[in-house]
$ cat query_17.csv   # CSV, C-alpha atoms
chain,number,residue,atom,x,y,z
G,27,MET,CA,-14.4,-22.9,-0.5
G,28,ARG,CA,-15.3,-23.0,3.1
G,29,GLN,CA,-11.9,-24.3,4.0
G,30,ARG,CA,-10.4,-21.5,2.0
G,31,LEU,CA,-12.3,-18.9,3.9
G,32,ASN,CA,-11.2,-20.4,7.2
G,33,ASP,CA,-7.6,-19.6,6.3
G,34,PRO,CA,-6.4,-16.4,7.9
G,35,VAL,CA,-4.4,-15.3,4.8
G,36,THR,CA,-7.4,-15.6,2.5
G,37,ARG,CA,-9.7,-13.9,5.0
G,38,ALA,CA,-7.3,-11.0,5.4
G,39,ALA,CA,-6.9,-10.7,1.6
G,40,VAL,CA,-10.7,-10.7,1.1
G,41,ALA,CA,-11.1,-8.0,3.7
G,42,ILE,CA,-8.4,-5.8,2.1
G,43,ALA,CA,-9.7,-6.4,-1.4
G,44,LEU,CA,-13.2,-5.4,-0.4
G,45,ALA,CA,-12.1,-2.3,1.3
G,46,ALA,CA,-10.0,-1.3,-1.7
G,47,GLY,CA,-12.9,-2.1,-4.0
G,48,THR,CA,-15.1,0.3,-2.1
G,49,TYR,CA,-12.4,3.0,-2.4
G,50,ALA,CA,-12.1,2.3,-6.1
G,51,ILE,CA,-15.8,3.3,-6.4
G,52,SER,CA,-14.9,6.8,-5.2
G,53,TYR,CA,-11.9,6.8,-7.5
G,54,GLY,CA,-14.2,6.1,-10.4
G,55,VAL,CA,-16.5,8.9,-9.4
G,56,LEU,CA,-13.7,11.4,-9.0
G,57,ALA,CA,-12.0,10.4,-12.3
G,58,VAL,CA,-15.2,10.9,-14.3
G,59,ASP,CA,-15.9,14.2,-12.5
G,60,ALA,CA,-12.3,15.3,-13.3
G,61,GLY,CA,-13.0,14.9,-17.0
G,62,LEU,CA,-11.7,11.4,-17.8
G,63,SER,CA,-13.9,9.2,-20.0
G,64,VAL,CA,-15.3,5.9,-18.5
G,65,ALA,CA,-12.8,4.0,-20.6
G,66,GLN,CA,-9.9,6.1,-19.5
G,67,THR,CA,-11.0,5.7,-15.9
G,68,CYS,CA,-11.1,1.9,-16.2
G,69,VAL,CA,-7.9,1.6,-18.2
G,70,MET,CA,-6.0,3.6,-15.5
G,71,SER,CA,-7.1,1.2,-12.8
G,72,LEU,CA,-6.1,-1.8,-15.0
G,73,LEU,CA,-2.7,-0.4,-16.1
G,74,VAL,CA,-1.6,1.9,-13.3
G,75,PHE,CA,-3.1,-0.2,-10.5
G,76,THR,CA,-1.6,1.8,-7.6
G,77,GLY,CA,-4.3,3.7,-5.7
G,78,ALA,CA,-2.4,6.6,-4.3
G,79,SER,CA,-1.1,7.6,-7.7
G,80,GLN,CA,-4.5,7.3,-9.3
G,81,PHE,CA,-6.2,9.5,-6.7
G,82,ALA,CA,-3.4,12.0,-7.1
G,83,VAL,CA,-3.9,12.2,-10.9
G,84,VAL,CA,-7.7,12.8,-10.7
G,85,GLY,CA,-7.2,15.1,-7.7
G,86,VAL,CA,-5.0,17.5,-9.7
G,87,LEU,CA,-7.0,17.2,-12.9
G,88,GLY,CA,-10.3,17.8,-10.9
G,89,ALA,CA,-8.8,20.9,-9.4
G,90,GLY,CA,-8.0,22.2,-12.9
G,91,GLY,CA,-4.4,21.2,-13.1
G,92,GLY,CA,-2.7,20.1,-16.4
G,93,THR,CA,-1.4,16.7,-17.3
G,94,LEU,CA,2.2,17.3,-16.3
G,95,ALA,CA,1.1,18.7,-12.9
G,96,ALA,CA,-1.0,15.5,-12.5
G,97,LEU,CA,1.7,13.1,-13.5
G,98,ALA,CA,4.5,14.3,-11.3
G,99,PRO,CA,2.9,13.6,-7.9
G,100,ALA,CA,1.6,10.3,-9.3
G,101,LEU,CA,5.1,9.2,-10.2
G,102,ILE,CA,6.5,10.2,-6.8
G,103,LEU,CA,3.7,8.2,-5.1
G,104,ALA,CA,4.4,5.2,-7.4
G,105,ALA,CA,8.1,5.2,-6.7
G,106,ARG,CA,7.8,3.3,-3.4
G,107,ASN,CA,6.6,0.3,-5.4
G,108,GLY,CA,10.1,0.2,-6.8
G,109,LEU,CA,11.4,-0.4,-3.2
G,110,TYR,CA,8.7,-3.0,-2.6
G,111,GLY,CA,9.6,-4.8,-5.8
G,112,LEU,CA,13.2,-5.0,-4.7
G,113,SER,CA,12.3,-6.3,-1.3
G,114,LEU,CA,10.0,-8.9,-2.8
G,115,THR,CA,12.7,-10.4,-5.2
G,116,PRO,CA,13.4,-13.3,-2.8
G,117,ILE,CA,9.8,-14.6,-3.4
G,118,LEU,CA,9.3,-13.5,-7.0
G,119,ARG,CA,11.7,-16.0,-8.6
G,120,GLY,CA,9.6,-17.7,-11.3
G,121,ARG,CA,10.2,-17.6,-15.1
G,122,PHE,CA,10.6,-14.1,-16.7
G,123,ALA,CA,7.0,-14.0,-18.0
G,124,VAL,CA,5.6,-15.0,-14.6
G,125,ARG,CA,7.7,-12.4,-12.8
G,126,ALA,CA,6.6,-9.8,-15.4
G,127,LEU,CA,3.0,-10.6,-14.6
G,128,GLU,CA,3.4,-10.8,-10.9
G,129,SER,CA,5.2,-7.4,-10.8
G,130,HIS,CA,2.0,-5.7,-11.6
G,131,PHE,CA,0.7,-6.7,-8.2
G,132,VAL,CA,3.6,-5.0,-6.3
G,133,ILE,CA,1.8,-2.4,-4.1
G,134,ASP,CA,1.4,-1.5,-0.4
G,135,GLU,CA,-1.2,-4.1,0.4
G,136,THR,CA,0.4,-7.1,-1.3
G,137,THR,CA,3.9,-6.3,0.1
G,138,ALA,CA,2.5,-5.9,3.6
G,139,MET,CA,0.6,-9.2,3.4
G,140,ALA,CA,3.7,-11.0,2.0
G,141,ARG,CA,6.1,-9.7,4.6
G,142,ALA,CA,3.7,-10.5,7.5
G,143,GLN,CA,4.2,-14.2,6.8
G,144,ASP,CA,6.9,-16.4,8.3
G,145,THR,CA,8.0,-18.5,5.4
G,146,PRO,CA,8.8,-17.7,1.7
G,147,GLY,CA,6.1,-20.1,0.5
G,148,GLU,CA,3.4,-18.5,2.7
G,149,ALA,CA,4.7,-15.0,1.7
G,150,ARG,CA,4.3,-15.9,-2.0
G,151,ARG,CA,0.8,-17.3,-1.4
G,152,ALA,CA,-0.2,-14.2,0.5
G,153,PHE,CA,1.2,-11.9,-2.2
G,154,LEU,CA,-0.6,-13.6,-5.0
G,155,THR,CA,-3.9,-14.1,-3.2
G,156,THR,CA,-4.0,-10.5,-2.1
G,157,GLY,CA,-2.8,-9.3,-5.6
G,158,VAL,CA,-5.5,-11.2,-7.6
G,159,LEU,CA,-8.4,-10.4,-5.3
G,160,LEU,CA,-7.5,-6.8,-4.9
G,161,PHE,CA,-7.0,-6.4,-8.7
G,162,VAL,CA,-10.4,-7.8,-9.4
G,163,CYS,CA,-12.2,-5.7,-6.7
G,164,TRP,CA,-10.3,-2.6,-7.6
G,165,ASN,CA,-11.3,-2.8,-11.2
G,166,ILE,CA,-14.9,-3.7,-10.5
G,167,GLY,CA,-15.2,-0.9,-8.1
G,168,THR,CA,-13.7,1.5,-10.6
G,169,LEU,CA,-16.2,0.5,-13.2
G,170,ILE,CA,-19.1,0.9,-10.8
G,171,GLY,CA,-17.9,4.4,-9.7
G,172,ALA,CA,-17.3,5.5,-13.3
G,173,LEU,CA,-20.8,4.5,-14.4
G,174,LEU,CA,-22.7,5.7,-11.3
G,175,GLY,CA,-21.0,9.1,-11.1
G,176,SER,CA,-21.4,11.5,-8.2
G,177,GLY,CA,-24.2,11.0,-5.7
G,178,ILE,CA,-22.5,8.1,-4.0
G,179,GLY,CA,-21.8,8.7,-0.3
G,180,ASP,CA,-18.3,9.6,0.9
G,181,PRO,CA,-16.3,6.5,1.9
G,182,LYS,CA,-15.1,8.5,4.9
G,183,SER,CA,-18.5,8.5,6.5
G,184,LEU,CA,-18.2,4.7,6.7
G,185,GLY,CA,-14.7,5.1,8.2
G,186,LEU,CA,-13.2,3.3,5.3
G,187,ASP,CA,-10.1,5.6,5.3
G,188,ALA,CA,-9.4,4.4,8.8
G,189,MET,CA,-9.4,0.7,7.6
G,190,PHE,CA,-6.1,1.0,5.7
G,191,PRO,CA,-3.8,2.2,8.5
G,192,ALA,CA,-5.5,-0.4,10.8
G,193,ALA,CA,-4.8,-3.1,8.3
G,194,PHE,CA,-1.2,-2.1,7.8
G,195,LEU,CA,-0.7,-2.0,11.5
G,196,ALA,CA,-2.0,-5.5,11.9
G,197,LEU,CA,0.4,-6.6,9.2
G,198,LEU,CA,3.4,-4.6,10.5
G,199,VAL,CA,3.2,-5.8,14.2
G,200,PRO,CA,4.2,-9.4,13.5
G,201,GLN,CA,7.2,-8.2,11.6
G,202,LEU,CA,8.5,-6.2,14.5
G,203,ASP,CA,10.1,-9.2,16.3
G,204,ARG,CA,12.6,-9.6,13.4
G,205,PRO,CA,16.1,-8.2,13.9
G,206,GLY,CA,16.3,-4.5,13.5
G,207,ALA,CA,12.6,-4.1,12.6
G,208,ARG,CA,11.6,-2.0,15.6
G,209,LEU,CA,14.4,0.5,15.1
G,210,ALA,CA,13.7,0.7,11.4
G,211,ALA,CA,10.0,1.2,12.0
G,212,ILE,CA,10.5,4.0,14.6
G,213,CYS,CA,13.2,5.8,12.5
G,214,GLY,CA,11.1,5.5,9.3
G,215,GLY,CA,8.0,6.7,11.0
G,216,VAL,CA,9.8,9.7,12.5
G,217,VAL,CA,11.4,10.7,9.2
G,218,ALA,CA,8.0,10.5,7.4
G,219,VAL,CA,6.0,12.5,10.0
G,220,VAL,CA,8.7,15.2,10.2
G,221,LEU,CA,8.8,15.6,6.4
G,222,VAL,CA,5.0,15.7,5.8
G,223,PRO,CA,4.6,19.5,6.0
G,224,PHE,CA,7.7,20.3,3.9
G,225,VAL,CA,7.8,17.9,0.9
G,226,PRO,CA,5.3,16.7,-1.8
G,227,ALA,CA,3.0,13.8,-1.1
G,228,GLY,CA,4.8,10.4,-1.5
G,229,VAL,CA,8.2,11.7,-0.5
G,230,PRO,CA,7.8,11.1,3.2
G,231,ILE,CA,7.0,7.4,2.7
G,232,LEU,CA,9.8,7.1,0.2
G,233,ALA,CA,12.3,8.8,2.6
G,234,ALA,CA,11.2,6.4,5.4
G,235,VAL,CA,13.5,3.8,3.7
G,236,LEU,CA,16.3,5.7,5.6
G,237,GLY,CA,15.0,3.9,8.7
G,238,VAL,CA,16.8,0.8,7.4
G,239,ILE,CA,20.3,2.4,7.9
G,240,PRO,CA,20.4,2.5,11.7
G,241,ALA,CA,18.8,-1.0,11.7
G,242,MET,CA,21.7,-2.4,9.6
G,243,ARG,CA,24.0,-2.4,12.6
G,244,VAL,CA,21.5,-4.5,14.5
G,245,LEU,CA,21.4,-6.9,11.5
G,246,ARG,CA,25.2,-7.2,11.4
G,247,GLU,CA,25.3,-7.9,15.1
G,248,THR,CA,22.6,-10.5,14.8
G,249,ALA,CA,24.4,-12.1,11.9
G,250,GLN,CA,27.7,-12.3,13.9
G,251,ALA,CA,25.9,-13.7,17.0
G,252,THR,CA,24.3,-16.5,14.9
G,253,PRO,CA,26.8,-17.4,12.1
I,22,MET,CA,-6.0,13.8,-20.0
I,23,SER,CA,-4.8,12.3,-23.3
I,24,TRP,CA,-4.5,8.5,-23.9
I,25,ALA,CA,-0.8,9.0,-24.5
I,26,ALA,CA,-0.3,10.5,-21.1
I,27,LEU,CA,-2.4,7.8,-19.5
I,28,LEU,CA,-0.4,5.0,-21.2
I,29,ALA,CA,2.9,6.7,-20.3
I,30,LEU,CA,1.8,6.8,-16.6
I,31,GLY,CA,0.8,3.1,-16.8
I,32,ALA,CA,4.2,2.2,-18.3
I,33,ALA,CA,6.1,4.2,-15.7
I,34,ALA,CA,4.2,2.8,-12.8
I,35,TYR,CA,4.8,-0.7,-14.1
I,36,ALA,CA,8.5,-0.1,-14.7
I,37,MET,CA,9.0,0.9,-11.1
I,38,LYS,CA,7.1,-2.2,-9.8
I,39,ALA,CA,8.9,-4.6,-12.1
I,40,ALA,CA,12.4,-3.2,-11.9
I,41,GLY,CA,13.4,-5.3,-9.0
I,42,PRO,CA,11.8,-8.6,-9.9
I,43,LEU,CA,12.9,-8.4,-13.6
I,44,VAL,CA,16.4,-7.1,-13.1
I,45,VAL,CA,17.4,-9.0,-10.1
I,46,GLY,CA,15.4,-12.0,-11.2
I,47,ARG,CA,16.5,-15.4,-10.1
I,48,ARG,CA,20.0,-14.4,-9.1
I,49,THR,CA,20.9,-15.5,-5.7
I,50,LEU,CA,21.7,-12.5,-3.5
I,51,ARG,CA,24.1,-12.4,-0.6
I,52,PRO,CA,22.2,-13.4,2.6
I,53,ASP,CA,23.0,-10.1,4.3
I,54,LEU,CA,21.7,-8.2,1.4
I,55,VAL,CA,18.5,-10.2,1.4
I,56,ARG,CA,18.0,-9.4,5.1
I,57,VAL,CA,18.4,-5.7,4.4
I,58,LEU,CA,15.9,-5.9,1.4
I,59,GLU,CA,13.4,-7.8,3.5
I,60,LEU,CA,13.6,-5.1,6.1
I,61,VAL,CA,12.8,-2.3,3.7
I,62,PRO,CA,9.0,-2.6,3.8
I,63,VAL,CA,9.0,-2.2,7.7
I,64,PRO,CA,9.9,1.5,7.9
I,65,LEU,CA,7.8,2.2,4.8
I,66,LEU,CA,4.7,0.5,6.4
I,67,ALA,CA,5.3,2.4,9.6
I,68,ALA,CA,5.5,5.6,7.6
I,69,LEU,CA,2.4,4.7,5.6
I,70,ILE,CA,0.4,4.0,8.8
I,71,LEU,CA,1.3,7.4,10.3
I,72,VAL,CA,0.8,9.4,7.1
I,73,GLN,CA,-2.5,7.8,6.4
I,74,THR,CA,-3.6,8.6,10.0
I,75,PHE,CA,-2.2,12.1,10.5
I,76,ASP,CA,-1.7,13.7,7.0
I,77,ASP,CA,-4.3,16.1,5.6
I,78,GLY,CA,-2.7,17.4,2.5
I,79,ARG,CA,0.8,18.4,3.8
I,80,ARG,CA,-0.7,19.2,7.2
I,81,LEU,CA,-0.6,17.0,10.3
I,82,VAL,CA,-4.0,16.8,11.9
I,83,ILE,CA,-5.7,14.8,14.7
I,84,ASP,CA,-9.2,13.6,13.7
I,85,ALA,CA,-11.3,10.5,13.9
I,86,ARG,CA,-8.6,8.4,12.3
I,87,VAL,CA,-6.4,8.7,15.4
I,88,PRO,CA,-8.8,7.0,17.9
I,89,ALA,CA,-9.5,4.5,15.1
I,90,LEU,CA,-5.8,3.6,15.0
I,91,VAL,CA,-5.6,3.4,18.8
I,92,VAL,CA,-8.5,1.0,18.8
I,93,ALA,CA,-6.8,-1.0,16.1
I,94,GLY,CA,-3.5,-1.0,18.1
I,95,VAL,CA,-5.2,-2.3,21.3
I,96,LEU,CA,-6.9,-5.1,19.3
I,97,VAL,CA,-3.7,-6.1,17.5
I,98,TRP,CA,-2.0,-6.2,20.9
I,99,ARG,CA,-4.8,-8.4,22.2
I,100,ARG,CA,-4.3,-10.6,19.1
I,101,ALA,CA,-7.8,-10.0,17.7
I,102,PRO,CA,-8.4,-11.5,14.2
I,103,PHE,CA,-7.4,-9.2,11.3
I,104,ILE,CA,-11.0,-8.6,10.2
I,105,VAL,CA,-12.0,-7.5,13.7
I,106,VAL,CA,-9.1,-5.0,13.8
I,107,VAL,CA,-10.0,-3.5,10.5
I,108,LEU,CA,-13.8,-3.3,11.1
I,109,ALA,CA,-13.4,-1.9,14.6
I,110,ALA,CA,-11.1,0.9,13.2
I,111,ALA,CA,-13.7,1.7,10.5
I,112,GLY,CA,-16.6,1.6,13.0
I,113,THR,CA,-14.7,3.9,15.4
I,114,ALA,CA,-14.1,6.5,12.8
I,115,ALA,CA,-17.6,6.3,11.4
I,116,LEU,CA,-19.2,6.6,14.8
I,117,LEU,CA,-17.0,9.6,15.8
I,118,ARG,CA,-17.8,11.3,12.5
I,119,ALA,CA,-21.5,10.7,12.9
I,120,ALA,CA,-21.6,12.0,16.4

$ encode --input "query_17.csv" --output "structure tokens"
Amino acid sequence: MRQRLNDPVTRAAVAIALAAGTYAISYGVLAVDAGLSVAQTCVMSLLVFTGASQFAVVGVLGAGGGTLAALAPALILAARNGLYGLSLTPILRGRFAVRALESHFVIDETTAMARAQDTPGEARRAFLTTGVLLFVCWNIGTLIGALLGSGIGDPKSLGLDAMFPAAFLALLVPQLDRPGARLAAICGGVVAVVLVPFVPAGVPILAAVLGVIPAMRVLRETAQATP
Amino acid sequence: MSWAALLALGAAAYAMKAAGPLVVGRRTLRPDLVRVLELVPVPLLAALILVQTFDDGRRLVIDARVPALVVAGVLVWRRAPFIVVVLAAAGTAALLRAA
């Protein structure tokens, strides 16, 4: 166990999972406040398991919106997981049943952890370690929040909302030395920030995929230089 | 919210996650396509970092999250351990909000 905790991948996965678990407590509180039962709150964390979508649903319902108004933004926010899933196909190559199970873990955190590694083996290990730990913490946190209800402090007062961009930055930077990555990151970031005021939540991050297009030229040139 | 709507959301969220791994599966993709696919999370993560730092419900704002990200950026550049980066960012935001 000690050896495991000395491993940077495991340590990072534990940190991310604990931060997410704390956020799940506030999701649980908001969900029950918005009128979901404790069972519904927990089943959503088990089955939907993508934080941004879950917060969107309970946000709309809590503000008095209907089911359709709650589902639309949740689906837009979940759509980027489709792009992550595609990008992870090189490391998710097991039997159909294994892939079907692993697919449930395809989210921001697991993708970022996987792509921050240098070899496919390490990427797969980082994906699975983060996925399992985060799934466990996310669901325990949800249950705690749903049972405790309001009266829990705002995670923002602990700066927890600032942890996620910091974590993603730490996981993005090592990827920037790869061909085309800097250009893709800059273009994707610009596209997203410009769109934020004009489009629904989730669309800016989805549209950032356009950042890959200018980077494809760099990829082609690199491929020609090193056949 | 009805159970049916909840289960439909679960099914749709799962379908999006699983489409790539289940449809592409074990097929061997062309190496240039793999390079493009592997690049896809890079602009998305860059966008995620910026949106999570500046977005306040379809408005761009500058608050305690921005200095927290700057602190994180300096620590990443100095090659600090992951946990140090993340805790320093949280601490910066928490201190600024308490002040």

$ closest_residue --input "query_17.csv" --among "I:Val95, I:Ala109, I:Pro64, I:Leu81" --to "chain G" --atoms "only C-alpha atoms"
I:Pro64

$ residues_around --input "query_17.csv" --residues "Trp164 of chain G" --least-positions-apart "3" --cutoff "8 Å" --atoms "all atoms listed in the file" --output "list of chain:residue names"
G:Ala43, G:Ala46, G:Gly47, G:Thr48, G:Tyr49, G:Ala50, G:Ser71, G:Leu160, G:Phe161, G:Gly167, G:Thr168

$ write_last_selection --input "query_17.csv" --atoms "C-alpha atoms" --output "PDB file, keeping the file's coordinate frame"
ATOM      1  CA  ALA G  43      -9.700  -6.400  -1.400  1.00  0.00           C
ATOM      2  CA  ALA G  46     -10.000  -1.300  -1.700  1.00  0.00           C
ATOM      3  CA  GLY G  47     -12.900  -2.100  -4.000  1.00  0.00           C
ATOM      4  CA  THR G  48     -15.100   0.300  -2.100  1.00  0.00           C
ATOM      5  CA  TYR G  49     -12.400   3.000  -2.400  1.00  0.00           C
ATOM      6  CA  ALA G  50     -12.100   2.300  -6.100  1.00  0.00           C
ATOM      7  CA  SER G  71      -7.100   1.200 -12.800  1.00  0.00           C
ATOM      8  CA  LEU G 160      -7.500  -6.800  -4.900  1.00  0.00           C
ATOM      9  CA  PHE G 161      -7.000  -6.400  -8.700  1.00  0.00           C
ATOM     10  CA  GLY G 167     -15.200  -0.900  -8.100  1.00  0.00           C
ATOM     11  CA  THR G 168     -13.700   1.500 -10.600  1.00  0.00           C
TER      12      THR G 168
END

$ atom_distance --input "query_17.csv" --atom1 "atom CA of Gly237 of chain G" --atom2 "atom CA of Arg208 of chain G"
9.7 Å

$ residues_near_point --input "query_17.csv" --point "(8.4, 1.9, -0.8)" --cutoff "9 Å" --atoms "all atoms listed in the file" --output "list of chain:residue names"
G:Leu103, G:Ala104, G:Ala105, G:Arg106, G:Asn107, G:Gly108, G:Leu109, G:Tyr110, G:Gly111, G:Ile133, G:Asp134, G:Ile231, G:Leu232, G:Ala233, G:Ala234, G:Val235, I:Val61, I:Pro62, I:Pro64, I:Leu65, I:Leu66

$ residues_around --input "query_17.csv" --residues "Gly185 of chain G" --least-positions-apart "2" --cutoff "6 Å" --atoms "only C-alpha atoms" --output "list of chain:residue names"
G:Lys182, G:Ser183, G:Asp187, G:Ala188, I:Ala111, I:Ala114, I:Ala115

$ residues_around --input "query_17.csv" --residues "Leu209 of chain G" --least-positions-apart "4" --cutoff "12 Å" --atoms "all atoms listed in the file" --output "list in words"
Gln201, Leu202, Asp203, Arg204, Pro205, Cys213, Gly214, Gly215, Val216, Ala234, Val235, Leu236, Gly237, Val238, Ile239, Pro240, Ala241, Met242, Arg243, Val244 and Leu245 of chain G; Leu60, Val61, Val63, Pro64 and Ala67 of chain I

$ atom_distance --input "query_17.csv" --atom1 "atom CA of Thr113 of chain I" --atom2 "atom CA of Val217 of chain G"
27.7 Å

$ residues_near_point --input "query_17.csv" --point "(-2.1, 6.9, -21.0)" --cutoff "12 Å" --atoms "all atoms listed in the file" --output "ChimeraX atom specification"
/G:62,65-74,80,83,93,97 /I:22-34

$ atom_distance --input "query_17.csv" --atom1 "atom CA of Phe190 of chain G" --atom2 "atom CA of Thr74 of chain I"
9.1 Å

$ closest_residue --input "query_17.csv" --among "G:Leu173, G:Val225, G:Ile166, G:Leu112" --to "chain I" --atoms "only C-alpha atoms"
G:Leu112

$ decode --input "query_17.csv" --residues "segment 55-66 of chain G" --atoms "N, CA and C atoms" --output "PDB file, in the first residue's frame"
ATOM      1  N   VAL G  55     -26.562  17.451  -1.795  1.00  0.00           N
ATOM      2  CA  VAL G  55     -27.378  18.450  -1.093  1.00  0.00           C
ATOM      3  C   VAL G  55     -28.312  19.161  -2.075  1.00  0.00           C
ATOM      4  N   LEU G  56     -27.720  19.643  -3.192  1.00  0.00           N
ATOM      5  CA  LEU G  56     -28.520  20.399  -4.172  1.00  0.00           C
ATOM      6  C   LEU G  56     -29.617  19.533  -4.782  1.00  0.00           C
ATOM      7  N   ALA G  57     -29.302  18.250  -5.035  1.00  0.00           N
ATOM      8  CA  ALA G  57     -30.268  17.367  -5.690  1.00  0.00           C
ATOM      9  C   ALA G  57     -31.491  17.167  -4.800  1.00  0.00           C
ATOM     10  N   VAL G  58     -31.252  16.914  -3.513  1.00  0.00           N
ATOM     11  CA  VAL G  58     -32.374  16.705  -2.598  1.00  0.00           C
ATOM     12  C   VAL G  58     -33.168  18.002  -2.442  1.00  0.00           C
ATOM     13  N   ASP G  59     -32.431  19.119  -2.356  1.00  0.00           N
ATOM     14  CA  ASP G  59     -33.105  20.427  -2.293  1.00  0.00           C
ATOM     15  C   ASP G  59     -33.979  20.665  -3.520  1.00  0.00           C
ATOM     16  N   ALA G  60     -33.536  20.150  -4.679  1.00  0.00           N
ATOM     17  CA  ALA G  60     -34.263  20.388  -5.927  1.00  0.00           C
ATOM     18  C   ALA G  60     -35.458  19.460  -6.075  1.00  0.00           C
ATOM     19  N   GLY G  61     -35.649  18.570  -5.115  1.00  0.00           N
ATOM     20  CA  GLY G  61     -36.838  17.731  -5.133  1.00  0.00           C
ATOM     21  C   GLY G  61     -36.608  16.274  -5.514  1.00  0.00           C
ATOM     22  N   LEU G  62     -35.352  15.879  -5.771  1.00  0.00           N
ATOM     23  CA  LEU G  62     -35.096  14.461  -6.041  1.00  0.00           C
ATOM     24  C   LEU G  62     -35.114  13.694  -4.716  1.00  0.00           C
ATOM     25  N   SER G  63     -35.519  12.421  -4.774  1.00  0.00           N
ATOM     26  CA  SER G  63     -35.445  11.594  -3.575  1.00  0.00           C
ATOM     27  C   SER G  63     -33.976  11.201  -3.368  1.00  0.00           C
ATOM     28  N   VAL G  64     -33.675  10.695  -2.173  1.00  0.00           N
ATOM     29  CA  VAL G  64     -32.304  10.242  -1.890  1.00  0.00           C
ATOM     30  C   VAL G  64     -31.913   9.143  -2.881  1.00  0.00           C
ATOM     31  N   ALA G  65     -32.847   8.235  -3.167  1.00  0.00           N
ATOM     32  CA  ALA G  65     -32.554   7.144  -4.099  1.00  0.00           C
ATOM     33  C   ALA G  65     -32.262   7.682  -5.493  1.00  0.00           C
ATOM     34  N   GLN G  66     -33.075   8.621  -5.963  1.00  0.00           N
ATOM     35  CA  GLN G  66     -32.847   9.198  -7.296  1.00  0.00           C
ATOM     36  C   GLN G  66     -31.496   9.922  -7.356  1.00  0.00           C
TER      37      GLN G  66
END
